[in-house]
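Peer 1: Quick one, query-v7.cif (mmCIF, C-alpha atoms):
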```cif
data_protein
loop_
_atom_site.group_PDB
_atom_site.id
_atom_site.type_symbol
_atom_site.label_atom_id
_atom_site.label_comp_id
_atom_site.auth_asym_id
_atom_site.auth_seq_id
_atom_site.Cartn_x
_atom_site.Cartn_y
_atom_site.Cartn_z
ATOM 1 C CA MET A 26 30.652 -175.751 61.436
ATOM 2 C CA THR A 27 31.852 -178.892 63.251
ATOM 3 C CA GLU A 28 35.146 -177.194 64.173
ATOM 4 C CA LEU A 29 33.258 -174.183 65.519
ATOM 5 C CA LEU A 30 31.149 -176.469 67.685
ATOM 6 C CA LYS A 31 34.225 -178.353 68.888
ATOM 7 C CA ASN A 32 35.762 -175.090 70.065
ATOM 8 C CA THR A 33 32.690 -174.378 72.194
ATOM 9 C CA PHE A 34 31.289 -177.771 73.150
ATOM 10 C CA GLY A 35 34.148 -180.189 72.441
ATOM 11 C CA ASP A 36 34.631 -180.910 76.146
ATOM 12 C CA LEU A 37 30.908 -181.577 76.683
ATOM 13 C CA PHE A 38 29.618 -183.545 73.706
ATOM 14 C CA GLU A 39 30.890 -186.582 71.825
ATOM 15 C CA PRO A 40 31.910 -186.239 68.141
ATOM 16 C CA ALA A 41 28.754 -187.963 66.866
ATOM 17 C CA LEU A 42 26.514 -185.417 68.591
ATOM 18 C CA LEU A 43 28.642 -182.511 67.352
ATOM 19 C CA ASP A 44 28.318 -183.860 63.797
ATOM 20 C CA GLU A 45 24.526 -184.027 64.135
ATOM 21 C CA MET A 46 24.419 -180.479 65.476
ATOM 22 C CA ALA A 47 26.521 -179.251 62.577
ATOM 23 C CA GLY A 48 24.264 -181.007 60.089
ATOM 24 C CA ILE A 49 20.889 -179.745 61.295
ATOM 25 C CA GLY A 50 21.634 -176.558 63.257
ATOM 26 C CA LYS A 51 21.119 -173.099 61.771
ATOM 27 C CA LEU A 52 23.856 -170.578 62.483
ATOM 28 C CA MET A 53 22.643 -167.048 63.278
ATOM 29 C CA GLU A 54 24.693 -163.921 63.902
ATOM 30 C CA PHE A 55 23.350 -161.204 66.191
ATOM 31 C CA ALA A 56 24.380 -157.693 67.174
ATOM 32 C CA GLU A 57 24.106 -155.814 70.439
ATOM 33 C CA GLY A 58 20.484 -154.833 70.973
ATOM 34 C CA ASP A 59 18.988 -157.433 68.616
ATOM 35 C CA VAL A 60 15.825 -159.098 69.970
ATOM 36 C CA LEU A 61 16.388 -162.835 69.505
ATOM 37 C CA ILE A 62 13.312 -164.103 71.343
ATOM 38 C CA ASP A 63 10.273 -161.993 72.193
ATOM 39 C CA TYR A 64 7.225 -162.219 74.417
ATOM 40 C CA ASN A 65 4.274 -164.336 73.212
ATOM 41 C CA GLN A 66 6.388 -165.867 70.462
ATOM 42 C CA TYR A 67 6.190 -169.595 69.747
ATOM 43 C CA ILE A 68 9.695 -171.034 69.892
ATOM 44 C CA LYS A 69 10.487 -173.772 67.399
ATOM 45 C CA SER A 70 14.256 -173.967 67.966
ATOM 46 C CA MET A 71 16.575 -173.979 70.962
ATOM 47 C CA PRO A 72 19.554 -171.580 70.921
ATOM 48 C CA LEU A 73 23.089 -172.668 71.785
ATOM 49 C CA LEU A 74 25.318 -169.650 72.353
ATOM 50 C CA LEU A 75 28.607 -169.969 70.444
ATOM 51 C CA SER A 76 29.943 -166.477 71.126
ATOM 52 C CA GLY A 77 28.889 -163.144 72.596
ATOM 53 C CA ALA A 78 26.376 -162.659 75.409
ATOM 54 C CA ILE A 79 22.580 -162.410 75.724
ATOM 55 C CA LYS A 80 20.472 -160.891 78.475
ATOM 56 C CA VAL A 81 17.143 -162.493 79.372
ATOM 57 C CA MET A 82 14.356 -160.150 80.474
ATOM 58 C CA ARG A 83 10.957 -160.760 82.104
ATOM 59 C CA GLU A 84 8.012 -158.428 81.611
ATOM 60 C CA ASP A 85 6.723 -156.812 84.797
ATOM 61 C CA TYR A 86 3.012 -157.224 85.483
ATOM 62 C CA ASP A 87 2.563 -153.471 85.985
ATOM 63 C CA SER A 88 5.080 -151.936 83.589
ATOM 64 C CA GLY A 89 8.626 -152.261 82.368
ATOM 65 C CA GLU A 90 10.991 -155.236 82.379
ATOM 66 C CA LEU A 91 13.359 -156.915 84.784
ATOM 67 C CA LEU A 92 16.733 -158.507 84.034
ATOM 68 C CA LEU A 93 16.707 -162.200 85.013
ATOM 69 C CA TYR A 94 20.152 -163.414 83.953
ATOM 70 C CA TYR A 95 22.819 -163.387 81.264
ATOM 71 C CA LEU A 96 23.731 -166.175 78.858
ATOM 72 C CA GLU A 97 27.367 -166.584 77.879
ATOM 73 C CA ARG A 98 29.383 -168.768 75.503
ATOM 74 C CA GLY A 99 28.365 -172.418 75.836
ATOM 75 C CA ASP A 100 25.011 -171.636 77.506
ATOM 76 C CA THR A 101 21.428 -172.216 76.503
ATOM 77 C CA CYS A 102 18.210 -170.793 77.949
ATOM 78 C CA ALA A 103 16.258 -173.197 80.173
ATOM 79 C CA MET A 104 13.094 -171.118 79.834
ATOM 80 C CA THR A 105 13.374 -171.431 76.064
ATOM 81 C CA MET A 106 13.704 -175.208 76.376
ATOM 82 C CA THR A 107 10.550 -175.295 78.505
ATOM 83 C CA CYS A 108 8.617 -173.330 75.892
ATOM 84 C CA CYS A 109 9.932 -175.566 73.112
ATOM 85 C CA LEU A 110 8.961 -178.826 74.790
ATOM 86 C CA GLY A 111 5.618 -177.543 76.079
ATOM 87 C CA GLU A 112 4.748 -175.742 72.841
ATOM 88 C CA LYS A 113 4.023 -172.623 74.904
ATOM 89 C CA LYS A 114 4.478 -168.983 74.034
ATOM 90 C CA SER A 115 7.604 -167.294 75.309
ATOM 91 C CA GLU A 116 7.387 -165.447 78.621
ATOM 92 C CA ILE A 117 10.829 -163.892 78.256
ATOM 93 C CA ARG A 118 12.674 -161.556 75.904
ATOM 94 C CA ALA A 119 16.247 -162.398 74.892
ATOM 95 C CA ILE A 120 18.360 -159.454 73.719
ATOM 96 C CA GLY A 121 21.900 -159.373 72.380
ATOM 97 C CA GLU A 122 24.183 -157.898 75.054
ATOM 98 C CA VAL A 123 27.492 -158.480 73.252
ATOM 99 C CA SER A 124 27.387 -159.306 69.524
ATOM 100 C CA GLY A 125 27.996 -162.952 68.695
ATOM 101 C CA SER A 126 26.453 -166.065 67.169
ATOM 102 C CA ILE A 127 24.011 -168.809 68.129
ATOM 103 C CA LEU A 128 23.199 -172.222 66.710
ATOM 104 C CA MET A 129 19.460 -172.874 66.513
ATOM 105 C CA ILE A 130 18.550 -176.531 67.106
ATOM 106 C CA PRO A 131 15.088 -177.761 65.946
ATOM 107 C CA VAL A 132 12.878 -178.599 68.924
ATOM 108 C CA GLN A 133 12.168 -182.149 67.776
ATOM 109 C CA MET A 134 15.841 -183.061 68.193
ATOM 110 C CA MET A 135 15.865 -182.221 71.907
ATOM 111 C CA ALA A 136 13.863 -185.284 72.987
ATOM 112 C CA ASP A 137 15.630 -187.511 70.457
ATOM 113 C CA TRP A 138 19.058 -186.593 71.809
ATOM 114 C CA ILE A 139 17.996 -187.084 75.436
ATOM 115 C CA GLY A 140 17.330 -190.729 74.627
ATOM 116 C CA LYS A 141 20.438 -191.061 72.473
ATOM 117 C CA TYR A 142 23.256 -189.107 74.126
ATOM 118 C CA GLN A 143 24.013 -189.083 77.864
ATOM 119 C CA THR A 144 26.116 -185.949 77.440
ATOM 120 C CA TRP A 145 23.141 -184.081 76.018
ATOM 121 C CA THR A 146 20.918 -185.222 78.899
ATOM 122 C CA ALA A 147 23.516 -183.992 81.400
ATOM 123 C CA PHE A 148 23.790 -180.661 79.550
ATOM 124 C CA VAL A 149 20.021 -180.103 79.626
ATOM 125 C CA PHE A 150 19.733 -180.840 83.347
ATOM 126 C CA ASP A 151 22.815 -178.742 84.166
ATOM 127 C CA SER A 152 21.319 -175.867 82.175
ATOM 128 C CA TYR A 153 18.050 -176.081 84.121
ATOM 129 C CA SER A 154 19.987 -176.165 87.398
ATOM 130 C CA ASN A 155 22.216 -173.205 86.511
ATOM 131 C CA ARG A 156 19.366 -171.025 85.288
ATOM 132 C CA PHE A 157 17.251 -171.935 88.335
ATOM 133 C CA ASN A 158 20.067 -170.841 90.646
ATOM 134 C CA GLU A 159 20.405 -167.585 88.708
ATOM 135 C CA LEU A 160 16.665 -166.975 89.032
ATOM 136 C CA LEU A 161 16.936 -167.522 92.799
ATOM 137 C CA ASN A 162 19.792 -165.014 92.891
ATOM 138 C CA ALA A 163 17.631 -162.531 90.979
ATOM 139 C CA VAL A 164 14.790 -163.008 93.482
ATOM 140 C CA ASP A 165 17.188 -162.644 96.431
ATOM 141 C CA THR A 166 18.601 -159.464 94.916
ATOM 142 C CA ILE A 167 15.152 -157.902 94.595
ATOM 143 C CA ALA A 168 13.907 -159.110 97.984
ATOM 144 C CA PHE A 169 16.921 -158.534 100.192
ATOM 145 C CA MET A 170 19.197 -155.927 98.599
ATOM 146 C CA ASN A 171 18.685 -152.183 98.701
ATOM 147 C CA MET A 172 18.910 -150.324 95.395
ATOM 148 C CA ASN A 173 22.522 -149.248 96.016
ATOM 149 C CA ASP A 174 23.633 -152.878 96.306
ATOM 150 C CA ARG A 175 21.423 -153.961 93.407
ATOM 151 C CA ILE A 176 23.105 -151.418 91.146
ATOM 152 C CA MET A 177 26.587 -152.483 92.267
ATOM 153 C CA ASN A 178 25.662 -156.142 91.716
ATOM 154 C CA TYR A 179 24.360 -155.233 88.256
ATOM 155 C CA LEU A 180 27.610 -153.439 87.393
ATOM 156 C CA PHE A 181 29.713 -156.374 88.580
ATOM 157 C CA GLU A 182 27.682 -158.774 86.419
ATOM 158 C CA LYS A 183 28.059 -156.468 83.417
ATOM 159 C CA SER A 184 31.801 -156.198 84.013
ATOM 160 C CA LYS A 185 32.111 -159.995 83.930
ATOM 161 C CA ILE A 186 30.198 -160.154 80.656
ATOM 162 C CA GLU A 187 32.314 -157.397 79.097
ATOM 163 C CA ASN A 188 35.527 -158.670 80.741
ATOM 164 C CA SER A 189 36.406 -155.157 81.823
ATOM 165 C CA THR A 190 36.158 -153.000 84.938
ATOM 166 C CA THR A 191 34.810 -150.231 82.692
ATOM 167 C CA VAL A 192 31.172 -150.956 81.892
ATOM 168 C CA LEU A 193 29.660 -149.407 78.769
ATOM 169 C CA THR A 194 26.165 -148.395 79.830
ATOM 170 C CA THR A 195 23.920 -145.414 80.489
ATOM 171 C CA HIS A 196 21.821 -144.442 83.477
ATOM 172 C CA GLN A 197 18.699 -145.187 81.420
ATOM 173 C CA ASP A 198 19.993 -148.666 80.486
ATOM 174 C CA ILE A 199 20.480 -149.517 84.154
ATOM 175 C CA ALA A 200 17.055 -148.133 85.041
ATOM 176 C CA SER A 201 15.393 -150.204 82.301
ATOM 177 C CA ASP A 202 17.141 -153.455 83.301
ATOM 178 C CA LEU A 203 16.372 -152.992 87.012
ATOM 179 C CA ASN A 204 12.843 -151.673 86.409
ATOM 180 C CA THR A 205 13.346 -148.395 88.239
ATOM 181 C CA SER A 206 13.586 -144.743 87.251
ATOM 182 C CA ARG A 207 16.565 -143.000 85.686
ATOM 183 C CA VAL A 208 16.394 -140.296 88.371
ATOM 184 C CA VAL A 209 16.821 -142.903 91.121
ATOM 185 C CA VAL A 210 19.711 -144.553 89.281
ATOM 186 C CA SER A 211 21.500 -141.243 88.679
ATOM 187 C CA ARG A 212 21.166 -140.253 92.327
ATOM 188 C CA ILE A 213 22.512 -143.592 93.583
ATOM 189 C CA LEU A 214 25.375 -143.651 91.086
ATOM 190 C CA LYS A 215 26.478 -140.251 92.351
ATOM 191 C CA VAL A 216 26.406 -141.578 95.918
ATOM 192 C CA LEU A 217 28.465 -144.610 94.875
ATOM 193 C CA GLU A 218 30.966 -142.321 93.144
ATOM 194 C CA ASN A 219 31.291 -140.174 96.263
ATOM 195 C CA GLU A 220 31.965 -143.361 98.248
ATOM 196 C CA GLY A 221 34.797 -144.200 95.834
ATOM 197 C CA ARG A 222 33.184 -147.412 94.566
ATOM 198 C CA ILE A 223 32.789 -146.233 90.963
ATOM 199 C CA LYS A 224 33.850 -143.433 88.614
ATOM 200 C CA LEU A 225 31.229 -141.977 86.294
ATOM 201 C CA ASN A 226 32.166 -141.211 82.690
ATOM 202 C CA ARG A 227 30.081 -140.340 79.663
ATOM 203 C CA ASN A 228 28.213 -143.535 78.663
ATOM 204 C CA SER A 229 30.486 -145.706 80.836
ATOM 205 C CA ILE A 230 31.134 -146.473 84.506
ATOM 206 C CA GLU A 231 34.457 -147.540 85.937
ATOM 207 C CA ILE A 232 34.279 -149.952 88.867
ATOM 208 C CA ARG A 233 36.869 -149.248 91.537
ATOM 209 C CA ILE A 234 37.988 -152.657 92.831
ATOM 210 C CA LYS A 235 39.058 -152.444 96.462
#
```
Go ahead and render the structure in this file as structure tokens.

Peer 2:
Amino acid sequence: MTELLKNTFGDLFEPALLDEMAGIGKLMEFAEGDVLIDYNQYIKSMPLLLSGAIKVMREDYDSGELLLYYLERGDTCAMTMTCCLGEKKSEIRAIGEVSGSILMIPVQMMADWIGKYQTWTAFVFDSYSNRFNELLNAVDTIAFMNMNDRIMNYLFEKSKIENSTTVLTTHQDIASDLNTSRVVVSRILKVLENEGRIKLNRNSIEIRIK
């Protein structure tokens, strides 16, 4: 376990902290589509992502869900940390985007490590800052981008997660993540294909980098 943590967090945390993580953390494997954290759930542990990718969704007040941001290797979820420390129910849903593994850290260790390890304190504050910036980007996308640009932005983000210009997704998946209708998505994707920005395939979309 310690070697696995070193591969992911060796540049961030000192050996003593890595040893503590290895001793008390619970390793969990997840597959694409697995719900790791759900709405109205009390969160007793904080996840550290060792491999794979997770998408974090927010429930819309009227209906549906909206994609907030992705978590990648070495990340944690700031909104999860807030729920842990405040003993509040979760207001997000975390879903496996690319299969991988997470280390679950008991909530009581978070405050202990803040007083004990400067590297952990820096990691927590950096995580809050990064997630806050991603939330601002999500708000800007909704407020200032038309749906064509929102879909292209979504595809670019997915391509970074999958490390490929061919994104494995369906029209319904995009509609669900962007809280719109499949008909709207299909119409816009066809427009984007006619513009030469993408190529539509069955259950995948190829991004044409210009």

Peer 1: A:Asp63, A:Glu54, A:Arg98, A:Glu90: which is nearest A:Leu30, counting only C-alpha atoms?

Peer 2: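 Among the listed residues, A:Arg98 lies closest to A:Leu30.
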
Peer 1: Got a sec to resolve the PyMOL selection byres ((chain A and resi 40-47) around 7) on this structure and send the residues as a PyMOL selection string?

Peer 2: chain A and resi 26-27+30+38-39+48-50

Peer 1: Which residues match the PyMOL selection byres ((chain A and resi 173) around 9) in the file above, as a list in words?

Peer 2: Met170, Asn171, Met172, Asp174, Arg175, Ile176, Met177, Asn178, Val210, Ile213, Leu214, Val216 and Leu217 of chain A

Peer 1: Check which residues satisfy the PyMOL selection byres ((chain A and resi 179) around 12) in the file shown, then give them as a PyMOL selection string.

Peer 2: chain A and resi 80+91-95+162-163+166-167+170+172-178+180-186+192+194+198-203+210+214+230+232

Peer 1: Take the residues from that selection and write them out as a short mmCIF file (atom, residue, chain, number, x, y, z; two decimals), keeping the file's coordinate frame, keeping C-alpha atoms.

Peer 2:
```
data_model
loop_
_atom_site.label_atom_id
_atom_site.label_comp_id
_atom_site.auth_asym_id
_atom_site.auth_seq_id
_atom_site.Cartn_x
_atom_site.Cartn_y
_atom_site.Cartn_z
CA LYS A 80 20.47 -160.89 78.47
CA LEU A 91 13.36 -156.92 84.78
CA LEU A 92 16.73 -158.51 84.03
CA LEU A 93 16.71 -162.20 85.01
CA TYR A 94 20.15 -163.41 83.95
CA TYR A 95 22.82 -163.39 81.26
CA ASN A 162 19.79 -165.01 92.89
CA ALA A 163 17.63 -162.53 90.98
CA THR A 166 18.60 -159.46 94.92
CA ILE A 167 15.15 -157.90 94.60
CA MET A 170 19.20 -155.93 98.60
CA MET A 172 18.91 -150.32 95.40
CA ASN A 173 22.52 -149.25 96.02
CA ASP A 174 23.63 -152.88 96.31
CA ARG A 175 21.42 -153.96 93.41
CA ILE A 176 23.10 -151.42 91.15
CA MET A 177 26.59 -152.48 92.27
CA ASN A 178 25.66 -156.14 91.72
CA LEU A 180 27.61 -153.44 87.39
CA PHE A 181 29.71 -156.37 88.58
CA GLU A 182 27.68 -158.77 86.42
CA LYS A 183 28.06 -156.47 83.42
CA SER A 184 31.80 -156.20 84.01
CA LYS A 185 32.11 -160.00 83.93
CA ILE A 186 30.20 -160.15 80.66
CA VAL A 192 31.17 -150.96 81.89
CA THR A 194 26.16 -148.40 79.83
CA ASP A 198 19.99 -148.67 80.49
CA ILE A 199 20.48 -149.52 84.15
CA ALA A 200 17.06 -148.13 85.04
CA SER A 201 15.39 -150.20 82.30
CA ASP A 202 17.14 -153.46 83.30
CA LEU A 203 16.37 -152.99 87.01
CA VAL A 210 19.71 -144.55 89.28
CA LEU A 214 25.38 -143.65 91.09
CA ILE A 230 31.13 -146.47 84.51
CA ILE A 232 34.28 -149.95 88.87
#
```

Peer 1: Determine, counting all atoms listed in the file, which protein, DNA and RNA residues have an atom within 9 Å of an atom of A:Arg222; residues of the same chain fewer than 2 positions away are not included. Present the result as a list in words.

Peer 2: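 Final neighbour list, sorted by chain and number: Met177, Leu217, Glu218, Asn219, Glu220, Lys224, Glu231, Ile232, Arg233, Ile234 and Lys235 of chain A.
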
Peer 1: Residues as selected, C-alpha atoms, written as a PDB file, in the frame of the given file, can you do that?

Peer 2:
```pdb
ATOM      1  CA  MET A 177      26.587-152.483  92.267  1.00  0.00           C
ATOM      2  CA  LEU A 217      28.465-144.610  94.875  1.00  0.00           C
ATOM      3  CA  GLU A 218      30.966-142.321  93.144  1.00  0.00           C
ATOM      4  CA  ASN A 219      31.291-140.174  96.263  1.00  0.00           C
ATOM      5  CA  GLU A 220      31.965-143.361  98.248  1.00  0.00           C
ATOM      6  CA  LYS A 224      33.850-143.433  88.614  1.00  0.00           C
ATOM      7  CA  GLU A 231      34.457-147.540  85.937  1.00  0.00           C
ATOM      8  CA  ILE A 232      34.279-149.952  88.867  1.00  0.00           C
ATOM      9  CA  ARG A 233      36.869-149.248  91.537  1.00  0.00           C
ATOM     10  CA  ILE A 234      37.988-152.657  92.831  1.00  0.00           C
ATOM     11  CA  LYS A 235      39.058-152.444  96.462  1.00  0.00           C
TER      12      LYS A 235
END
```

Peer 1: Restricting the calculation to all atoms listed in the file, which member of A:Thr191, A:Ser124, A:Ser115, A:Thr105 is positioned closest to A:Arg156?

Peer 2: A:Thr105

Peer 1: Could you work out how far atom CA of A:Asp165 lies from atom CA of A:Phe148, giving the answer in Å with one decimal?

Peer 2: 25.6 Å

Peer 1: What's the separation between atom CA of A:Asn158 and atom CA of A:Ala78, in Å to one decimal place?

Peer 2: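 Interatomic distance here is 18.4 Å.
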
Peer 1: Name all residues at most 7 Å from A:Val60 (count all atoms listed in the file; drop same-chain ones fewer than 4 positions away) and give them as a PyMOL selection string.

Peer 2: chain A and resi 119-121
